[in-house]
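What follows is a set of notes on a single structure, which appears directly below.
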Amino acid sequence: MSTRSLAGRGAITRRRFVAGTGLWGAALAASGGRAFACPPASGQPDPTPGTRFDLAIGPVPVNVTGARMRAVGVNGSTPAPILRWRQGDTVELNVTNRLREPSSIHWHGIRTPAGMDGVPGLSFGGIAPGETFTYRFRLHQSGTYWYHSHSGFQEQTGLYGGLIIDPKDGYAQRFDREYVMLLSDWTDVDPEDIVSNLKFQSDYYNFRQRTVGTFLRDARRQGLAETIRDRLQWGAMNMAPTDILDVSGIIYTYLINGQSPAANWTGLFRPGEIVRLRFINGSSMTLFDVRIPGLKMTVVQADGNDVEPVPVDEFRIGPAETYDVIVEPAADGPYTVFAQAEDRTGYARGTLATRPGLTGPVPPMDPRPLRTMTDMGMGSMTGGRMAGMDRPAPPADPQGGTPAGVKDMPMGGMDMPAALPSPGTTPRPGVEVQSVAMMPIDRLAEPGAGLENNGRRVLTYADLRATIPGADPRPPSREIILHLTGNMERFIWGFDGRKFSEAEPIRLTLGERVRFVLINDTMMEHPIHLHGLWSELENGQGEYRPYKHTIIVKPGERLSYLVTADEPGLWAYHCHLLYHMEVGMFRTVVVA
């Protein structure tokens, strides 16, 4: 099935910002397995966990922007129904594909056997049109997760939904009510056209470039010579500091639980209640900065794993990440849930209210961020440490060749190209490597571009501390060093200067303990997701490292995490910016 409008996906004016009407779709169809308590757009999950589900993937008519379109959904709904499971149970999910093209469902962050992970082409063949595939696996974990298609651009066109696994021993924090807050980005433009446009012109959806007016303003503020030097630096690199997100609010409408800002999703509460908000970023290309003016949020869970409570005013959530927060509204409100896109070209919003129909005030968006030389990997000691200061350097190769972390990586006899790192260096620029981070730094204590010094308490990765020590106390036996590389001008993305079609698998031995080191040579954030295995972020918390399934790597950043290869199979490893993954920022990890 093509994801085109009911009348065909027509052209859209590039300069037209989408307002969105919020007429988001069809009612929930009945399920042959178990009934769902409410449509997913409510955000309020069924309180009773289930073990058997019949899910049908198919076309869903929607109207988000005033145009009648066709999305891809589950059981007649997009977002897909919220699923609720219980830790320790074995779940069975019969998924039928009613599209005219192959489909799939990936259970994001869920530890499953490789054949149940749902990535076509690895340990799973996909679901052909008209066929039913039964997923069956035992639940070893609890927390907030989500599920989505791993076939083509179906995730962008609506095939995603929330997922809750209740802990068998009860919750560490009491709460009176809960809502799933599923963030996403919708476009009426065919995703294939978006990629084509980005290949043709990488800043196709970026209309906030610097102008003569901004030059004069900057010259008055920082001096003519400094302003000219800054412009020459960026010009020499053929880049622009305004390039924040590849796809912007020029064609995206940002949604909460499938509802546009105009539709104003509303969750009800009684003053004095403790409310758990389960934030999921189900977007394809958007990092969101989330706050609720007038309410303090306490972060209690990251990527499904409990963390020591952190009171914050705001947090950044990358595509595929999840955060659970506790709020305690003492007054009537209403309170606005405000999630602005990182590039400040639009926002999602909803309301927490004591009764339906109330609307909270919408705050103005913050100033747009600009990239800096630090983002280009030029190094800085402001807000960050030089990478590697908090742990020993990787062991030197006794033969004086490639560093041990690279040499020891068994890559099946891969012919190492000139673009890959040699001792103490970074990949060399070329067609697939536009820039290199000459001085990558530790940026885990930084909140992210546009969030610095805004007067609010913003969550950082350095704040995350697990509530229990990690399950594997062994030190890593080796390091695998990977550079995140790309050419924005040509919209090429990959690892170590190679896209997926050119790369050999990363091979791990079953049971081994490995340190992954990521160095971001690009000027964009990349949320990196390793399927099947936990990523234990080395953020200075010692044995209380937070377990994550998706980790944002900031521009010019070097970070590391530990992985225990405890589940055999072929696993996907990729950037969770959908269009980056589709054009090559993807590897296969083999555990055997």
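Residue numbering restarts at 1 for every chain of the structure tokens, chains are lettered A, B, ... in their displayed order, and ligands are numbered from 1 as they appear.
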
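The protein and nucleic acid residues lying at most 6 Å from Phe279 of chain A are A:Met181, A:Leu182, A:Thr322, A:Tyr323, A:Asp324, with only C-alpha atoms considered and sequence neighbours fewer than 2 positions away removed.
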
Could you please take those selected residues and save N, CA and C atoms as an mmCIF file, in the first residue's frame?
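Output (selection32.cif):
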data_model
loop_
_atom_site.group_PDB
_atom_site.id
_atom_site.type_symbol
_atom_site.label_atom_id
_atom_site.label_comp_id
_atom_site.auth_asym_id
_atom_site.auth_seq_id
_atom_site.Cartn_x
_atom_site.Cartn_y
_atom_site.Cartn_z
ATOM 1 N N MET A 181 2.215 9.843 27.085
ATOM 2 C CA MET A 181 2.374 11.083 26.337
ATOM 3 C C MET A 181 3.245 10.769 25.120
ATOM 4 N N LEU A 182 2.596 10.334 24.052
ATOM 5 C CA LEU A 182 3.302 9.864 22.868
ATOM 6 C C LEU A 182 3.504 11.023 21.898
ATOM 7 N N THR A 322 12.413 7.215 26.087
ATOM 8 C CA THR A 322 11.249 7.372 26.954
ATOM 9 C C THR A 322 11.700 7.904 28.310
ATOM 10 N N TYR A 323 10.874 8.744 28.903
ATOM 11 C CA TYR A 323 11.080 9.224 30.269
ATOM 12 C C TYR A 323 9.755 9.193 31.006
ATOM 13 N N ASP A 324 9.750 8.644 32.213
ATOM 14 C CA ASP A 324 8.591 8.735 33.091
ATOM 15 C C ASP A 324 8.834 9.850 34.093
#

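The protein and nucleic acid residues lying at most 6 Å from segment 133-138 of chain A are Asp89, Thr90, Val91, Glu92, Leu93, Asn94, Val95 and Met116 of chain A, with only C-alpha atoms considered and sequence neighbours fewer than 5 positions away removed.
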
Written file, previous selection with N, CA and C atoms, as a PDB file, in the first residue's frame:
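What landed in out-v7.pdb:
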ATOM      1  N   ASP A  89       5.285 -12.373  32.672  1.00  0.00           N
ATOM      2  CA  ASP A  89       4.338 -13.065  31.805  1.00  0.00           C
ATOM      3  C   ASP A  89       4.985 -13.404  30.466  1.00  0.00           C
ATOM      4  N   THR A  90       4.370 -14.335  29.769  1.00  0.00           N
ATOM      5  CA  THR A  90       4.694 -14.603  28.368  1.00  0.00           C
ATOM      6  C   THR A  90       3.560 -14.037  27.524  1.00  0.00           C
ATOM      7  N   VAL A  91       3.896 -13.170  26.576  1.00  0.00           N
ATOM      8  CA  VAL A  91       2.866 -12.547  25.744  1.00  0.00           C
ATOM      9  C   VAL A  91       2.880 -13.178  24.358  1.00  0.00           C
ATOM     10  N   GLU A  92       1.703 -13.196  23.764  1.00  0.00           N
ATOM     11  CA  GLU A  92       1.531 -13.694  22.398  1.00  0.00           C
ATOM     12  C   GLU A  92       0.804 -12.620  21.600  1.00  0.00           C
ATOM     13  N   LEU A  93       1.400 -12.234  20.494  1.00  0.00           N
ATOM     14  CA  LEU A  93       0.821 -11.174  19.673  1.00  0.00           C
ATOM     15  C   LEU A  93       0.706 -11.673  18.232  1.00  0.00           C
ATOM     16  N   ASN A  94      -0.528 -11.839  17.781  1.00  0.00           N
ATOM     17  CA  ASN A  94      -0.792 -12.281  16.415  1.00  0.00           C
ATOM     18  C   ASN A  94      -0.971 -11.047  15.543  1.00  0.00           C
ATOM     19  N   VAL A  95      -0.003 -10.797  14.678  1.00  0.00           N
ATOM     20  CA  VAL A  95       0.011  -9.572  13.877  1.00  0.00           C
ATOM     21  C   VAL A  95      -0.295  -9.924  12.429  1.00  0.00           C
ATOM     22  N   MET A 116      12.202 -12.650  17.409  1.00  0.00           N
ATOM     23  CA  MET A 116      11.003 -11.921  17.814  1.00  0.00           C
ATOM     24  C   MET A 116      11.206 -10.404  17.791  1.00  0.00           C
TER      25      MET A 116
END

Select from segment 438-571 of chain A everything DSSP, run on the backbone, classes as helix (DSSP H, G or I), then give the selection as JSON, numbers by chain. {"A": [461, 462, 463, 500, 501, 502, 542, 543, 544]}

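Near segment 357-365 of chain A, within 7 Å and counting only C-alpha atoms, sit Pro334, Tyr335, Thr336, Gln340, Arg344, Thr351 and Ala353 of chain A, not including residues fewer than 4 positions from it in the same chain.
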
Those selected residues, please, written with N, CA and C atoms and delivered as an mmCIF file, in the first residue's frame.
data_model
loop_
_atom_site.group_PDB
_atom_site.id
_atom_site.type_symbol
_atom_site.label_atom_id
_atom_site.label_comp_id
_atom_site.auth_asym_id
_atom_site.auth_seq_id
_atom_site.Cartn_x
_atom_site.Cartn_y
_atom_site.Cartn_z
ATOM 1 N N PRO A 334 -5.542 25.305 34.416
ATOM 2 C CA PRO A 334 -4.946 24.194 33.669
ATOM 3 C C PRO A 334 -3.462 24.405 33.397
ATOM 4 N N TYR A 335 -2.767 23.274 33.153
ATOM 5 C CA TYR A 335 -1.335 23.281 32.899
ATOM 6 C C TYR A 335 -1.065 22.827 31.465
ATOM 7 N N THR A 336 -0.187 23.532 30.786
ATOM 8 C CA THR A 336 0.147 23.202 29.407
ATOM 9 C C THR A 336 1.356 22.281 29.353
ATOM 10 N N GLN A 340 8.519 21.652 22.519
ATOM 11 C CA GLN A 340 8.962 22.388 21.333
ATOM 12 C C GLN A 340 10.061 21.612 20.615
ATOM 13 N N ARG A 344 12.958 24.905 17.020
ATOM 14 C CA ARG A 344 11.986 25.956 17.349
ATOM 15 C C ARG A 344 11.135 26.362 16.147
ATOM 16 N N THR A 351 -2.904 19.622 27.422
ATOM 17 C CA THR A 351 -3.315 20.291 28.659
ATOM 18 C C THR A 351 -3.648 19.273 29.732
ATOM 19 N N ALA A 353 -5.892 19.218 32.978
ATOM 20 C CA ALA A 353 -6.976 20.065 33.451
ATOM 21 C C ALA A 353 -7.891 19.287 34.382
#

In Å, how far is it from atom CA of Leu83 of chain A to atom CA of Val327 of chain A? 23.0 Å

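Contact shell of Met376 of chain A at 10 Å (only C-alpha atoms; same-chain neighbours under 2 positions omitted): Trp234, Met237, Pro241, Arg371, Thr372, Met373, Thr374, Met378, Gly379, Ser435, Val436, Ala437, Met438, Met439, Pro440, Asn520, Asp521, Thr522, Met523, Met524, Pro555, Gly556 and Glu557 of chain A.
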
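Taking only C-alpha atoms into account, Glu192 of chain A lies nearest to A:Tyr579 out of the set A:Pro293, A:Tyr579, A:Val247, A:Val589.
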
Using Å and a single decimal, report how far atom CA of Leu562 of chain A sits from atom CA of Arg478 of chain A. 10.2 Å

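Minimum atom-to-atom distances from A:Asp117, A:Asp203, A:Glu131, A:Asp166 to His150 of chain A were compared using only C-alpha atoms, and the lowest value belongs to A:Asp117.
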
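Residues surrounding Gly115 of chain A within 10 Å are Thr112, Pro113, Asp117, Gly118, Val119, Pro120, Leu122, Ser123, Phe124, Gly125, Tyr135, Arg136, Phe137, Gly569, Leu570 and Trp571 of chain A [only C-alpha atoms; sequence separation below 2 positions excluded].
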
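Checking A:Gly333, A:Pro356, A:Gly494, A:Gly542 one by one against His580 of chain A, counting only C-alpha atoms, you find the shortest gap at A:Gly494.
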
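Using only C-alpha atoms, the nearest neighbour of Pro369 of chain A within the list A:Ile317, A:Lys296, A:Asp243, A:Arg291 is A:Asp243.
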